[in-house]
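Asks: What follows is input23.tsv, TSV, C-alpha atoms.
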```
chain	number	residue	atom	x	y	z
B	1	MET	CA	111.91	22.96	13.98
B	2	GLU	CA	111.65	23.74	10.27
B	3	LYS	CA	108.70	21.35	9.92
B	4	LEU	CA	106.96	22.93	12.92
B	5	LEU	CA	107.45	26.48	11.64
B	6	THR	CA	106.26	25.47	8.17
B	7	THR	CA	103.10	24.01	9.78
B	8	VAL	CA	102.50	27.29	11.64
B	9	ILE	CA	102.78	29.24	8.37
B	10	GLN	CA	100.58	26.85	6.37
B	11	LEU	CA	97.82	26.84	9.01
B	12	LYS	CA	98.15	30.62	9.55
B	13	ALA	CA	98.51	30.01	13.29
B	14	SER	CA	99.66	32.92	15.44
B	15	ASP	CA	101.84	31.06	17.98
B	16	LEU	CA	103.75	27.84	18.54
B	17	HIS	CA	104.18	26.53	22.12
B	18	ILE	CA	106.91	24.01	22.91
B	19	SER	CA	106.97	22.47	26.38
B	20	VAL	CA	108.01	19.17	27.97
B	21	GLY	CA	105.24	16.59	28.56
B	22	GLN	CA	102.99	17.30	25.58
B	23	PRO	CA	103.20	17.57	21.77
B	24	PRO	CA	103.85	21.02	20.23
B	25	VAL	CA	100.76	23.25	20.53
B	26	ILE	CA	99.65	26.00	18.13
B	27	ARG	CA	97.27	28.90	18.71
B	28	HIS	CA	94.89	29.09	15.76
B	29	ASN	CA	92.12	31.72	15.58
B	30	GLY	CA	92.66	32.35	19.28
B	31	ARG	CA	92.27	28.68	20.28
B	32	MET	CA	95.02	26.31	21.47
B	33	ARG	CA	95.38	23.09	19.41
B	34	LYS	CA	97.80	20.19	20.01
B	35	LEU	CA	99.64	18.96	16.92
B	36	ASP	CA	99.38	15.27	16.08
B	37	THR	CA	103.01	14.41	16.86
B	38	LYS	CA	105.04	12.80	19.65
B	39	VAL	CA	105.06	14.04	23.25
B	40	LEU	CA	108.21	16.11	23.79
B	41	ASP	CA	110.80	15.25	26.43
B	42	SER	CA	113.59	17.40	27.86
B	43	ASP	CA	116.10	16.40	25.16
B	44	ASP	CA	113.60	17.31	22.41
B	45	THR	CA	112.94	20.83	23.70
B	46	THR	CA	116.67	21.44	24.25
B	47	ALA	CA	117.46	20.32	20.69
B	48	LEU	CA	114.66	22.49	19.24
B	49	MET	CA	115.93	25.47	21.26
B	50	LYS	CA	119.53	25.01	20.09
B	51	ALA	CA	118.43	24.78	16.45
B	52	ILE	CA	117.31	28.43	16.39
B	53	THR	CA	118.84	30.26	19.39
B	54	PRO	CA	121.92	32.50	18.98
B	55	ASP	CA	124.77	31.97	21.47
B	56	ARG	CA	124.19	35.24	23.34
B	57	CYS	CA	120.58	34.23	24.04
B	58	GLN	CA	121.61	30.73	25.19
B	59	GLN	CA	123.98	32.43	27.62
B	60	GLU	CA	121.20	34.79	28.79
B	61	LEU	CA	118.95	31.74	29.33
B	62	GLN	CA	121.56	30.21	31.65
B	63	GLU	CA	122.17	33.46	33.55
B	64	LYS	CA	118.64	34.90	33.77
B	65	GLY	CA	116.34	31.96	33.06
B	66	GLY	CA	114.93	33.42	29.85
B	67	ALA	CA	115.61	35.39	26.66
B	68	ASP	CA	113.75	37.10	23.81
B	69	PHE	CA	114.90	37.30	20.21
B	70	ALA	CA	113.57	37.20	16.64
B	71	ILE	CA	114.50	34.82	13.83
B	72	GLU	CA	114.21	35.04	10.05
B	73	PHE	CA	112.61	31.96	8.47
B	74	ILE	CA	112.06	31.20	4.77
B	75	ASP	CA	110.35	33.62	2.34
B	76	GLY	CA	110.66	36.62	4.66
B	77	TYR	CA	108.63	35.02	7.46
B	78	ARG	CA	109.87	36.08	10.88
B	79	PHE	CA	109.17	34.76	14.37
B	80	ARG	CA	109.54	36.39	17.76
B	81	VAL	CA	110.85	33.82	20.24
B	82	ALA	CA	110.36	33.81	24.02
B	83	LEU	CA	112.74	31.29	25.55
B	84	PHE	CA	112.43	30.26	29.22
B	85	LYS	CA	113.07	27.62	31.83
B	86	GLN	CA	110.21	25.83	33.56
B	87	LYS	CA	110.55	23.05	36.14
B	88	GLY	CA	114.23	22.86	35.20
B	89	THR	CA	113.46	22.18	31.51
B	90	ILE	CA	113.34	24.45	28.49
B	91	GLY	CA	110.18	25.93	26.99
B	92	LEU	CA	109.65	28.15	23.94
B	93	VAL	CA	106.84	30.28	22.56
B	94	LEU	CA	107.22	31.48	18.98
B	95	ARG	CA	104.96	34.26	17.66
B	96	ARG	CA	104.56	34.50	13.88
B	97	ILE	CA	105.22	38.01	12.62
B	98	PRO	CA	103.15	38.59	9.46
B	99	SER	CA	105.34	39.22	6.43
B	100	GLN	CA	102.98	41.88	5.04
B	101	PHE	CA	102.00	45.16	6.65
B	102	LEU	CA	98.27	45.55	7.18
B	103	THR	CA	96.60	48.75	5.99
B	104	PHE	CA	94.53	50.89	8.35
B	105	GLU	CA	91.41	49.65	6.54
B	106	GLN	CA	92.33	45.98	7.05
B	107	ILE	CA	92.95	46.54	10.76
B	108	GLY	CA	89.85	48.72	11.19
B	109	MET	CA	92.05	51.47	12.66
B	110	PRO	CA	90.13	54.46	14.10
B	111	ASP	CA	90.13	57.47	11.74
B	112	ALA	CA	91.57	59.77	14.42
B	113	ILE	CA	94.93	57.95	14.23
B	114	ARG	CA	95.66	59.35	10.74
B	115	SER	CA	95.61	62.94	11.99
B	116	LEU	CA	97.43	62.19	15.26
B	117	ILE	CA	100.48	60.46	13.80
B	118	VAL	CA	101.30	63.39	11.50
B	119	LYS	CA	101.32	65.98	14.29
B	120	PRO	CA	104.70	67.66	14.87
B	121	ARG	CA	105.05	66.39	18.44
B	122	GLY	CA	103.34	64.44	21.20
B	123	LEU	CA	103.06	61.04	22.85
B	124	ILE	CA	100.76	58.40	21.32
B	125	LEU	CA	100.21	55.29	23.44
B	126	VAL	CA	99.02	51.96	22.05
B	127	THR	CA	97.78	49.78	24.89
B	128	GLY	CA	96.23	46.37	25.44
B	129	PRO	CA	97.02	42.97	26.93
B	130	THR	CA	99.72	40.70	25.52
B	131	GLY	CA	98.78	39.37	22.09
B	132	SER	CA	96.23	42.10	21.35
B	133	GLY	CA	98.00	43.25	18.17
B	134	LYS	CA	99.82	46.34	19.48
B	135	THR	CA	102.98	45.56	17.49
B	136	THR	CA	100.97	45.08	14.29
B	137	SER	CA	99.12	48.39	14.79
B	138	LEU	CA	102.38	50.26	15.43
B	139	ALA	CA	104.01	48.63	12.38
B	140	SER	CA	101.11	49.74	10.19
B	141	MET	CA	101.39	53.32	11.54
B	142	ILE	CA	105.13	53.41	10.79
B	143	ASN	CA	104.48	51.93	7.34
B	144	PHE	CA	101.75	54.54	6.66
B	145	LEU	CA	104.20	57.35	7.49
B	146	ASN	CA	106.93	55.62	5.48
B	147	GLU	CA	104.76	55.49	2.35
B	148	ASN	CA	103.26	58.99	2.60
B	149	TYR	CA	105.60	61.41	4.41
B	150	ASP	CA	109.30	62.23	4.58
B	151	ARG	CA	110.40	61.69	8.18
B	152	HIS	CA	113.31	60.27	10.11
B	153	ILE	CA	111.95	57.39	12.20
B	154	ILE	CA	113.96	55.66	14.93
B	155	THR	CA	112.52	52.49	16.47
B	156	LEU	CA	113.74	50.94	19.73
B	157	GLU	CA	112.55	47.34	19.94
B	158	ASP	CA	113.19	44.22	21.99
B	159	PRO	CA	113.46	42.32	19.71
B	160	ILE	CA	112.94	43.89	16.24
B	161	GLU	CA	109.82	42.25	14.80
B	162	TYR	CA	108.68	43.91	11.56
B	163	TYR	CA	111.49	45.01	9.24
B	164	HIS	CA	110.90	48.41	7.60
B	165	LYS	CA	112.63	49.38	4.35
B	166	HIS	CA	113.51	53.03	3.65
B	167	LYS	CA	110.70	54.39	1.45
B	168	LYS	CA	109.80	58.08	1.76
B	169	CYS	CA	111.12	57.95	5.33
B	170	THR	CA	114.53	57.02	6.63
B	171	VAL	CA	113.84	54.23	9.16
B	172	ASN	CA	116.57	53.19	11.61
B	173	GLN	CA	115.67	50.21	13.81
B	174	ARG	CA	117.69	49.56	16.98
B	175	GLU	CA	117.43	46.34	18.96
B	176	ILE	CA	117.75	46.47	22.74
B	177	GLY	CA	120.66	44.32	23.89
B	178	VAL	CA	122.24	44.31	20.42
B	179	ASP	CA	122.34	47.91	19.14
B	180	CYS	CA	121.83	49.71	22.46
B	181	PRO	CA	121.72	48.57	26.10
B	182	SER	CA	118.27	49.81	27.22
B	183	PHE	CA	115.17	51.72	26.13
B	184	LYS	CA	116.11	54.70	28.32
B	185	GLU	CA	119.58	54.92	26.80
B	186	GLY	CA	118.10	54.41	23.32
B	187	ILE	CA	115.72	57.38	23.75
B	188	ARG	CA	118.53	59.58	25.14
B	189	ARG	CA	120.76	58.77	22.17
B	190	ALA	CA	117.90	59.09	19.67
B	191	LEU	CA	117.38	62.76	20.58
B	192	ARG	CA	120.80	63.54	19.05
B	193	MET	CA	119.99	61.75	15.79
B	194	ASP	CA	117.64	64.39	14.32
B	195	PRO	CA	114.51	62.21	14.68
B	196	ASP	CA	110.94	63.16	13.77
B	197	VAL	CA	109.37	59.99	15.15
B	198	ILE	CA	110.65	57.70	17.92
B	199	LEU	CA	109.01	54.32	18.55
B	200	VAL	CA	109.57	52.88	22.03
B	201	GLY	CA	108.73	49.17	21.97
B	202	GLU	CA	107.78	49.01	25.63
B	203	MET	CA	107.64	51.47	28.53
B	204	ARG	CA	108.87	49.06	31.19
B	205	ASP	CA	110.23	51.31	33.92
B	206	LEU	CA	110.09	54.84	35.30
B	207	GLU	CA	113.23	55.99	33.50
B	208	THR	CA	111.86	54.90	30.12
B	209	ILE	CA	108.45	56.50	30.77
B	210	HIS	CA	110.08	59.75	31.85
B	211	ALA	CA	112.44	59.78	28.85
B	212	ALA	CA	109.51	59.11	26.47
B	213	ILE	CA	107.41	61.96	27.94
B	214	GLU	CA	110.36	64.38	27.74
B	215	ALA	CA	111.10	63.36	24.13
B	216	ALA	CA	107.45	64.09	23.25
B	217	GLU	CA	107.65	67.48	24.99
B	218	THR	CA	110.78	68.52	23.10
B	219	GLY	CA	109.24	68.36	19.65
B	220	HIS	CA	109.10	64.72	18.55
B	221	VAL	CA	106.28	62.28	17.94
B	222	VAL	CA	106.76	59.33	20.29
B	223	PHE	CA	104.87	56.04	19.89
B	224	ALA	CA	104.96	53.68	22.87
B	225	THR	CA	103.11	50.65	24.22
B	226	LEU	CA	101.75	49.72	27.64
B	227	HIS	CA	99.96	46.62	28.92
B	228	THR	CA	96.82	48.43	30.11
B	229	SER	CA	93.20	47.97	29.08
B	230	GLY	CA	91.86	51.48	28.51
B	231	ALA	CA	92.70	55.18	28.30
B	232	ALA	CA	91.87	56.03	31.93
B	233	SER	CA	93.76	53.06	33.41
B	234	THR	CA	96.74	53.89	31.17
B	235	ILE	CA	97.03	57.39	32.62
B	236	ASN	CA	96.67	56.06	36.19
B	237	ARG	CA	99.29	53.40	35.54
B	238	ILE	CA	101.84	55.97	34.30
B	239	ILE	CA	101.28	58.44	37.14
B	240	ASP	CA	101.04	55.83	39.92
B	241	GLY	CA	104.42	54.45	38.88
B	242	PHE	CA	106.15	57.62	40.07
B	243	PRO	CA	106.99	58.51	43.69
B	244	LYS	CA	104.26	60.59	45.41
B	245	GLU	CA	106.32	63.79	45.42
B	246	GLN	CA	106.78	63.64	41.61
B	247	GLN	CA	103.20	62.78	40.67
B	248	ASP	CA	101.86	66.35	40.33
B	249	GLN	CA	104.73	67.32	38.05
B	250	VAL	CA	104.28	64.18	35.92
B	251	ARG	CA	100.53	64.85	35.69
B	252	THR	CA	101.24	68.31	34.26
B	253	GLN	CA	103.89	66.96	31.87
B	254	LEU	CA	101.64	64.13	30.70
B	255	SER	CA	98.67	66.45	30.14
B	256	THR	CA	100.72	68.53	27.68
B	257	ALA	CA	102.75	65.70	26.08
B	258	LEU	CA	100.00	63.08	25.55
B	259	ILE	CA	98.00	63.50	22.33
B	260	GLY	CA	96.19	60.16	22.07
B	261	VAL	CA	95.65	56.68	23.52
B	262	LEU	CA	94.62	53.74	21.35
B	263	SER	CA	93.57	50.66	23.33
B	264	GLN	CA	92.83	47.39	21.61
B	265	ALA	CA	91.73	43.80	22.08
B	266	ILE	CA	91.71	40.84	19.68
B	267	LEU	CA	88.69	38.53	19.37
B	268	PRO	CA	87.89	35.36	17.38
B	269	ARG	CA	85.90	36.35	14.30
B	270	LYS	CA	82.99	34.30	12.96
B	271	PRO	CA	83.35	31.89	11.16
B	272	GLU	CA	87.16	32.06	11.41
B	273	GLY	CA	89.99	34.51	11.77
B	274	LEU	CA	90.52	37.39	14.19
B	275	VAL	CA	89.14	40.91	14.50
B	276	ALA	CA	90.29	43.88	16.59
B	277	ALA	CA	88.17	46.04	18.89
B	278	PHE	CA	89.46	49.53	19.71
B	279	GLU	CA	89.09	52.36	22.19
B	280	MET	CA	90.23	55.78	20.98
B	281	MET	CA	90.97	58.77	23.18
B	282	VAL	CA	92.12	62.05	21.63
B	283	VAL	CA	93.52	64.52	24.17
B	284	THR	CA	91.32	67.64	23.94
B	285	PRO	CA	91.68	70.70	26.22
B	286	ALA	CA	88.92	69.19	28.40
B	287	ILE	CA	90.83	65.91	28.83
B	288	GLN	CA	94.08	67.83	29.47
B	289	ASN	CA	92.26	69.50	32.39
B	290	LEU	CA	91.04	66.15	33.74
B	291	ILE	CA	94.58	64.71	33.68
B	292	ARG	CA	96.12	67.81	35.26
B	293	GLU	CA	93.45	68.05	37.98
B	294	ASN	CA	93.61	64.31	38.80
B	295	LYS	CA	90.02	63.68	37.66
B	296	VAL	CA	90.88	60.69	35.51
B	297	TYR	CA	87.67	58.90	36.58
B	298	ARG	CA	85.76	61.36	34.36
B	299	ILE	CA	87.71	60.53	31.21
B	300	ASP	CA	85.32	57.76	30.08
B	301	SER	CA	82.39	60.18	29.94
B	302	SER	CA	84.55	62.69	28.02
B	303	ILE	CA	85.34	59.94	25.49
B	304	GLN	CA	81.62	59.14	25.19
B	305	THR	CA	80.79	62.77	24.39
B	306	GLY	CA	83.84	63.29	22.16
B	307	ARG	CA	82.62	61.59	19.02
B	308	LYS	CA	83.25	64.58	16.78
B	309	HIS	CA	86.95	64.17	17.65
B	310	GLY	CA	86.79	60.50	16.66
B	311	MET	CA	86.64	59.13	20.22
B	312	PHE	CA	84.81	56.02	21.41
B	313	LEU	CA	85.04	53.48	24.22
B	314	LEU	CA	86.15	49.86	23.88
B	315	ASP	CA	82.71	48.59	24.90
B	316	GLU	CA	81.08	50.58	22.05
B	317	SER	CA	83.46	48.90	19.60
B	318	LEU	CA	82.70	45.46	21.11
B	319	PHE	CA	78.95	46.10	20.93
B	320	ARG	CA	79.28	46.97	17.23
B	321	LEU	CA	81.23	43.74	16.54
B	322	TRP	CA	78.44	41.74	18.19
B	323	LYS	CA	75.66	43.74	16.47
B	324	ASP	CA	77.30	43.26	13.05
B	325	GLY	CA	77.45	39.50	13.64
B	326	LEU	CA	81.27	39.36	13.60
B	327	CYS	CA	81.74	38.02	17.16
B	328	ASP	CA	79.84	35.89	19.66
B	329	LYS	CA	78.27	37.55	22.68
B	330	GLU	CA	80.45	35.49	25.09
B	331	GLU	CA	83.64	36.69	23.35
B	332	VAL	CA	82.79	40.41	23.47
B	333	LEU	CA	81.79	40.18	27.14
B	334	LEU	CA	85.13	38.52	27.96
B	335	LYS	CA	87.03	41.52	26.58
B	336	SER	CA	84.73	44.19	27.97
B	337	ASN	CA	85.87	46.75	30.57
B	338	LYS	CA	82.34	46.92	32.00
B	339	PRO	CA	80.79	43.52	31.17
B	340	ALA	CA	77.62	44.01	33.24
B	341	GLU	CA	76.72	47.22	31.38
B	342	LEU	CA	77.57	45.70	28.00
B	343	ALA	CA	75.52	42.56	28.78
B	344	ALA	CA	72.53	44.76	29.65
B	345	LYS	CA	72.93	46.71	26.39
B	346	ILE	CA	73.14	43.48	24.37
B	347	ALA	CA	70.10	42.04	26.18
B	348	GLN	CA	68.18	45.22	25.37
B	349	ALA	CA	69.24	44.97	21.72
B	350	GLU	CA	68.21	41.31	21.61
B	351	ARG	CA	64.74	42.39	22.70
B	352	GLY	CA	64.76	44.74	19.71
B	353	ILE	CA	65.07	48.00	21.63
B	354	PHE	CA	68.25	49.68	20.39
B	355	ASP	CA	69.45	52.54	22.49
B	356	GLU	CA	68.39	55.65	20.61
B	357	GLU	CA	71.11	57.60	22.38
B	358	ASP	CA	73.71	56.03	20.05
B	359	GLU	CA	72.15	57.63	16.99
B	360	GLU	CA	71.39	60.95	18.72
B	361	GLU	CA	74.88	61.48	20.11
B	362	GLU	CA	76.31	61.58	16.58
B	363	ASP	CA	74.54	64.91	15.98
B	364	GLU	CA	74.71	66.50	19.41
B	365	ASP	CA	77.60	68.63	20.57
B	366	TYR	CA	78.08	68.34	24.31
B	367	GLY	CA	80.63	71.18	24.31
B	368	GLU	CA	83.33	69.02	25.81
B	369	ASP	CA	85.95	71.71	25.22
B	370	GLU	CA	84.27	73.94	27.80
B	371	TYR	CA	84.78	71.79	30.83
B	372	ASP	CA	81.49	71.83	32.75
B	373	GLU	CA	81.54	70.18	36.14
B	374	GLU	CA	77.78	69.95	36.55
B	375	GLU	CA	77.27	68.52	33.09
B	376	ASP	CA	79.94	65.91	33.70
B	377	ASP	CA	78.41	64.58	36.91
B	378	ARG	CA	74.87	64.37	35.65
B	379	PRO	CA	73.69	60.78	35.11
B	380	ARG	CA	72.92	60.05	31.48
B	381	ARG	CA	69.67	58.21	30.81
B	382	GLY	CA	69.22	55.89	27.87
B	383	ARG	CA	65.75	56.02	26.34
B	384	ARG	CA	63.30	53.22	26.23
```
Before we go any further, please render this structure as structure tokens.

Replies:
Amino acid sequence: MEKLLTTVIQLKASDLHISVGQPPVIRHNGRMRKLDTKVLDSDDTTALMKAITPDRCQQELQEKGGADFAIEFIDGYRFRVALFKQKGTIGLVLRRIPSQFLTFEQIGMPDAIRSLIVKPRGLILVTGPTGSGKTTSLASMINFLNENYDRHIITLEDPIEYYHKHKKCTVNQREIGVDCPSFKEGIRRALRMDPDVILVGEMRDLETIHAAIEAAETGHVVFATLHTSGAASTINRIIDGFPKEQQDQVRTQLSTALIGVLSQAILPRKPEGLVAAFEMMVVTPAIQNLIRENKVYRIDSSIQTGRKHGMFLLDESLFRLWKDGLCDKEEVLLKSNKPAELAAKIAQAERGIFDEEDEEEEDEDYGEDEYDEEEDDRPRRGRR
């Protein structure tokens, strides 16, 4: 296992996959590559698992068929481990946790995030599919606060991935299953610990979502993650999770508690490496109205016209990555929320006709704070 983990670090791979019937596989620059070693059998995977897995997680594997934990390797390198059974044998996936925090500039973080994370209260959601870099973005936000502001930060994680030292902030990190039994219980307890910022590693169930919204309402900044692909679908996902009779109340609560949604995707960068694409929604009075009145389908057009607040859609970010020559067309279309529209825009750009609307919208103020129903429904024409 030490040799395998050393290989992952040397090659700067993101993941190591161990499964019966093939050699170990790494994910490098987003691509899966088999290592040039022997094919693993059941005894091999069991031995590799036992070399790194604490007893409590081995017991959880037997009882529940899987377990998650993090391990410390040499030189401060850490790995998050997902342990599971498959076809009666043992499999593992190890994710390398970078030992250094990335700055906002290195990540390409939207500018709006800087002003949102220093607000006195509110819910900030970081969303995206598995492996899209949510944990890294959250760690860089916590690190930014830690280096620049005096706050008390409590993180609830399963498992703890990045370790934060106390700098200007006091940072207490609690691991689910070790330091507290559940996210819901962790949030409830955190409210008595004089926190300024609470990080909720994952909003998995209704109780956790409800507790996170209430914590944001009562004067704390709450960071949380969800596995959704955009601002509008994130809001729908939260509200649809509640029973029908509670949905109106949750809509009202969410409209006042939510201050921003950052959605992200990771793409292979040319010639090598990875790059992030983002969608940024800042909750303005207009967007609060849309959430409260159940008009979430109009949020995308509010984001498009909200550039002065630092908002933009994922597909705009993807288009820029393609236009700047950082990513292949096929890769950006794979991650797009509206691939047909993005493909048409790219085709138009390839013919040398860039959409003038992009440049013009920078200077125009669509008055999104005065919510105008007619304006919102009017089709927007790109210019030829």

Asks: Taking only C-alpha atoms into account, name the residue in B:Ser317, B:Gln22, B:Asn236, B:Ser115 that is nearest to Asp36 in chain B.

Replies: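 Selected residue with least distance to Asp36 in chain B: B:Gln22.
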
Asks: So that I can see what lies close to Gln59 in chain B, please list as a list in words the residues with an atom at most 12 Å from it, counting all atoms listed in the file and leaving out residues fewer than 5 positions away in the same chain.

Replies: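 Using all atoms listed in the file, the neighbours found are Lys50, Thr53, Pro54, Lys64, Gly65, Gly66, Ala67, Asp68, Leu83 and Phe84 of chain B.
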
Asks: Would you mind reading off the distance between CA of Phe79 in chain B and CA of Lys3 in chain B, one decimal, in Å?

Replies: 14.1 Å

Asks: Could you check which of B:Arg298, B:Arg189, B:Arg151, B:Arg31 is closest to Ile117 in chain B, using all atoms listed in the file?

Replies: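 Checking each candidate against Ile117 in chain B, we get B:Arg151 as the closest.
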
Asks: I'd like to know which of B:Val25, B:Ile213, B:Val332, B:Ala224 is closest to Ser263 in chain B, using all atoms listed in the file.

Replies: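 Ranked by minimum distance to Ser263 in chain B, first place goes to B:Ala224.
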
Asks: List as a count of residues only the residues having at least one atom at most 12 Å from position (98.2, 61.3, 15.2) as given in the file, counting all atoms listed in the file.

Replies: 39

Asks: With only C-alpha atoms as the counted atoms, please give the residues lying no more than 10 Å from range 96-104 of chain B, apart from itself and same-chain residues fewer than 4 positions off, as a PyMOL selection string.

Replies: chain B and resi 5+8-9+12-16+70-72+75-81+108-111+113-114+135-137+139-144+161-164

Asks: Go ahead and write the selection's residues with C-alpha atoms as a tab-separated table (two decimals), keeping the file's coordinate frame.

Replies:
```
chain	number	residue	atom	x	y	z
B	5	LEU	CA	107.45	26.48	11.64
B	8	VAL	CA	102.50	27.29	11.64
B	9	ILE	CA	102.78	29.24	8.37
B	12	LYS	CA	98.15	30.62	9.55
B	13	ALA	CA	98.51	30.01	13.29
B	14	SER	CA	99.66	32.92	15.44
B	15	ASP	CA	101.84	31.06	17.98
B	16	LEU	CA	103.75	27.84	18.54
B	70	ALA	CA	113.57	37.20	16.64
B	71	ILE	CA	114.50	34.82	13.83
B	72	GLU	CA	114.21	35.04	10.05
B	75	ASP	CA	110.35	33.62	2.34
B	76	GLY	CA	110.66	36.62	4.66
B	77	TYR	CA	108.63	35.02	7.46
B	78	ARG	CA	109.87	36.08	10.88
B	79	PHE	CA	109.17	34.76	14.37
B	80	ARG	CA	109.54	36.39	17.76
B	81	VAL	CA	110.85	33.82	20.24
B	108	GLY	CA	89.85	48.72	11.19
B	109	MET	CA	92.05	51.47	12.66
B	110	PRO	CA	90.13	54.46	14.10
B	111	ASP	CA	90.13	57.47	11.74
B	113	ILE	CA	94.93	57.95	14.23
B	114	ARG	CA	95.66	59.35	10.74
B	135	THR	CA	102.98	45.56	17.49
B	136	THR	CA	100.97	45.08	14.29
B	137	SER	CA	99.12	48.39	14.79
B	139	ALA	CA	104.01	48.63	12.38
B	140	SER	CA	101.11	49.74	10.19
B	141	MET	CA	101.39	53.32	11.54
B	142	ILE	CA	105.13	53.41	10.79
B	143	ASN	CA	104.48	51.93	7.34
B	144	PHE	CA	101.75	54.54	6.66
B	161	GLU	CA	109.82	42.25	14.80
B	162	TYR	CA	108.68	43.91	11.56
B	163	TYR	CA	111.49	45.01	9.24
B	164	HIS	CA	110.90	48.41	7.60
```

Asks: Could you give me, as a list in words, the residues that have an atom at most 9 Å away from the point (111.8, 52.0, 32.2) in the coordinates of the file, using all atoms listed in the file?

Replies: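 Answer for this query, in the requested form: Ser182, Phe183, Lys184, Glu202, Met203, Arg204, Asp205, Leu206, Glu207, Thr208, Ile209, His210 and Ala211 of chain B.
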
Asks: Given the choices B:Asp196, B:Ala51, B:Ser19, B:Lys38, which gets closest to Ile90 in chain B if the distance is worked out from only C-alpha atoms?

Replies: B:Ser19
